Every structure is written in C-alpha cells, then in structure tokens.
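Q: final_17.cif is reproduced below (mmCIF, C-alpha atoms).
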data_run
loop_
_atom_site.group_PDB
_atom_site.id
_atom_site.type_symbol
_atom_site.label_atom_id
_atom_site.label_comp_id
_atom_site.auth_asym_id
_atom_site.auth_seq_id
_atom_site.Cartn_x
_atom_site.Cartn_y
_atom_site.Cartn_z
ATOM 1 C CA MET N 9 -12.438 -27.023 -11.818
ATOM 2 C CA ARG N 10 -10.638 -30.090 -13.076
ATOM 3 C CA LYS N 11 -12.047 -31.741 -16.166
ATOM 4 C CA LYS N 12 -12.730 -35.430 -15.695
ATOM 5 C CA THR N 13 -12.092 -37.337 -18.894
ATOM 6 C CA HIS N 14 -11.686 -40.957 -17.832
ATOM 7 C CA LEU N 15 -12.281 -42.952 -14.709
ATOM 8 C CA TRP N 16 -8.835 -44.472 -14.885
ATOM 9 C CA THR N 17 -5.774 -44.082 -17.057
ATOM 10 C CA PRO N 18 -2.319 -45.494 -16.373
ATOM 11 C CA ASP N 19 -0.799 -41.984 -16.382
ATOM 12 C CA GLN N 20 -3.086 -40.718 -13.623
ATOM 13 C CA TRP N 21 -2.951 -43.740 -11.331
ATOM 14 C CA SER N 22 0.043 -44.765 -9.307
ATOM 15 C CA PRO N 23 -0.083 -47.580 -6.795
ATOM 16 C CA THR N 24 0.163 -46.818 -3.121
ATOM 17 C CA PRO N 25 0.460 -49.166 -0.169
ATOM 18 C CA TRP N 26 -3.118 -48.259 0.747
ATOM 19 C CA THR N 27 -4.403 -49.677 -2.558
ATOM 20 C CA ALA N 28 -3.070 -53.109 -1.673
ATOM 21 C CA THR N 29 -4.247 -52.723 1.922
ATOM 22 C CA LYS N 30 -7.795 -51.940 0.819
ATOM 23 C CA PHE N 31 -7.726 -54.851 -1.624
ATOM 24 C CA CYS N 32 -6.491 -57.242 1.085
ATOM 25 C CA ALA N 33 -9.159 -56.015 3.513
ATOM 26 C CA CYS N 34 -11.862 -56.549 0.882
ATOM 27 C CA LEU N 35 -10.449 -59.989 0.099
ATOM 28 C CA SER N 36 -10.483 -60.905 3.784
ATOM 29 C CA LEU N 37 -14.083 -59.731 4.126
ATOM 30 C CA ILE N 38 -15.176 -61.747 1.082
ATOM 31 C CA THR N 39 -13.393 -64.830 2.442
ATOM 32 C CA LEU N 40 -14.908 -64.388 5.909
ATOM 33 C CA VAL N 41 -18.450 -63.921 4.601
ATOM 34 C CA GLY N 42 -18.078 -66.826 2.183
ATOM 35 C CA ASP N 43 -16.782 -69.069 4.941
ATOM 36 C CA LEU N 44 -19.539 -68.082 7.386
ATOM 37 C CA VAL N 45 -22.279 -68.547 4.796
ATOM 38 C CA GLY N 46 -20.741 -71.870 3.774
ATOM 39 C CA ARG N 47 -20.655 -73.083 7.357
ATOM 40 C CA PHE N 48 -24.304 -72.215 7.962
ATOM 41 C CA THR N 49 -25.659 -73.528 4.653
ATOM 42 C CA THR N 50 -23.541 -76.620 3.977
ATOM 43 C CA GLY N 51 -21.917 -77.293 7.341
ATOM 44 C CA THR N 52 -18.424 -77.401 5.860
ATOM 45 C CA SER N 53 -15.630 -74.952 6.455
ATOM 46 C CA GLY N 54 -13.287 -73.416 3.915
ATOM 47 C CA VAL N 55 -15.947 -72.562 1.320
ATOM 48 C CA GLY N 56 -14.713 -68.969 0.962
ATOM 49 C CA MET N 57 -11.076 -69.939 0.636
ATOM 50 C CA ILE N 58 -11.243 -70.173 -3.154
ATOM 51 C CA ALA N 59 -11.545 -66.379 -3.321
ATOM 52 C CA PHE N 60 -8.605 -66.034 -0.969
ATOM 53 C CA TYR N 61 -6.334 -68.332 -2.947
ATOM 54 C CA GLY N 62 -7.502 -66.932 -6.266
ATOM 55 C CA TYR N 63 -6.980 -63.249 -5.508
ATOM 56 C CA MET N 64 -4.118 -63.222 -3.012
ATOM 57 C CA PRO N 65 -1.487 -62.864 -5.780
ATOM 58 C CA MET N 66 -3.047 -59.485 -6.632
ATOM 59 C CA CYS N 67 -2.045 -58.192 -3.191
ATOM 60 C CA PHE N 68 1.560 -59.164 -3.858
ATOM 61 C CA TYR N 69 1.386 -57.692 -7.361
ATOM 62 C CA MET N 70 0.106 -54.330 -6.092
ATOM 63 C CA MET N 71 2.765 -54.154 -3.410
ATOM 64 C CA SER N 72 5.493 -55.042 -5.903
ATOM 65 C CA LEU N 73 4.332 -52.199 -8.174
ATOM 66 C CA TYR N 74 4.596 -49.785 -5.287
ATOM 67 C CA LEU N 75 8.003 -51.080 -4.247
ATOM 68 C CA CYS N 76 9.304 -50.789 -7.827
ATOM 69 C CA ASP N 77 8.158 -47.157 -7.907
ATOM 70 C CA LEU N 78 9.920 -46.518 -4.594
ATOM 71 C CA LYS N 79 13.112 -48.099 -5.917
ATOM 72 C CA LYS N 80 12.995 -45.941 -9.037
ATOM 73 C CA GLU N 81 12.393 -42.813 -6.956
ATOM 74 C CA ASN N 82 15.307 -43.685 -4.651
ATOM 75 C CA GLN N 83 17.627 -44.105 -7.637
ATOM 76 C CA GLU N 84 16.575 -40.706 -8.996
ATOM 77 C CA LEU N 85 17.141 -39.066 -5.610
ATOM 78 C CA ARG N 86 20.572 -40.665 -5.271
ATOM 79 C CA SER N 87 21.594 -39.372 -8.710
ATOM 80 C CA GLN N 88 20.386 -35.874 -7.790
ATOM 81 C CA ILE N 89 22.352 -35.990 -4.539
ATOM 82 C CA SER N 90 25.513 -37.063 -6.349
ATOM 83 C CA GLU N 91 25.050 -34.247 -8.901
ATOM 84 C CA LEU N 92 24.616 -31.729 -6.102
ATOM 85 C CA ALA N 93 27.704 -33.071 -4.339
ATOM 86 C CA GLN N 94 29.740 -32.648 -7.548
ATOM 87 C CA VAL N 95 28.491 -29.097 -7.985
ATOM 88 C CA LYS N 96 29.344 -28.296 -4.378
ATOM 89 C CA GLN N 97 32.815 -29.762 -4.826
ATOM 90 C CA THR N 98 33.495 -27.766 -8.011
ATOM 91 C CA VAL N 99 32.251 -24.552 -6.379
ATOM 92 C CA ALA N 100 34.480 -25.179 -3.361
ATOM 93 C CA GLN N 101 37.502 -25.747 -5.628
ATOM 94 C CA GLY N 102 36.691 -22.959 -7.986
#
As structure tokens, how would this structure be written, given the file I've shared?
A:
Amino acid sequence: MRKKTHLWTPDQWSPTPWTATKFCACLSLITLVGDLVGRFTTGTSGVGMIAFYGYMPMCFYMMSLYLCDLKKENQELRSQISELAQVKQTVAQG
C-alpha cells in the first residue's frame, strides 16, 4: 500500500489537459449559476461574469504548463532518436 504523506507536492503533480478542462467547466458552472441567480434576484444580467473574467487566466496558465511539459518531452524524445540513429550508423559502418 502506498503511503500518503501530503495532499499535494510539486513533484507528484503534473498538469494534464483534463485539469484545465475541469477547471474551465467549474468556472463555467459558477458563472452560469451566478448569472442566473443575479437575473432572478436583481433583474440584471452579467452578475456572474466577474468570476469568469477573474479566473479565466488560470485556464490559460494550466494549459501553458501542460504544453511546456509536452515541448520538453518532445525535445527529449528527439535527442534520444538522434542518439539511436548515430548508434545505428556506427554499427552499420563498424
């Protein structure tokens, strides 16, 4: 059984596209509920938009973290492929 030490540490957590998707879905739900409640209580629209404008940059931040990780992984894979190609070439010559 795995020992649970912390709820979250930077070493154990890596962003995925689903993290940003879940955050955006939650943000949309908060905005929708806030707007509906605002329409029924005050009669004005756009009451829930402050949450949308305030937290939307987090969606872009989470996706950029994931894309940076993908870029780093692609660079590592390309270097491994080039190393393997060099080894194959030396074996073929050798």
Q: In Å, rounded to a single decimal, give me how far CA of Gly51 in chain N is from CA of Cys32 in chain N.
A: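 CA of Cys32 in chain N sits 26.1 Å away from CA of Gly51 in chain N.
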Q: Please indicate the distance in Å from CA of Val45 in chain N to CA of Tyr69 in chain N, rounded to one decimal place.
A: 28.7 Å
Q: Looking at N:Gly62, N:Asn82, N:Trp26, N:Gln88, which one is nearest to Ile38 in chain N, with distances taken over all atoms listed in the file?
A: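 Using all atoms listed in the file, Ile38 in chain N sits closest to N:Gly62.
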Q: As an exercise, work out the distance from CA of Met70 in chain N to CA of Leu85 in chain N in Å and give it to one decimal place.
A: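 Interatomic distance here is 22.9 Å.
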Q: For Cys34 in chain N, list every protein, DNA or RNA residue within 12 Å, evaluated using only C-alpha atoms, and leave out those in the same chain fewer than 2 positions away; present the list as number ranges by chain.
A: N: 27-32, 36-41, 59-60, 63-64, 66-67
Q: For a quick check of understanding, using all atoms listed in the file, which of N:Gln97, N:Gly42, N:Ile89, N:Tyr74 has the smallest distance to Gly54 in chain N?
A: N:Gly42
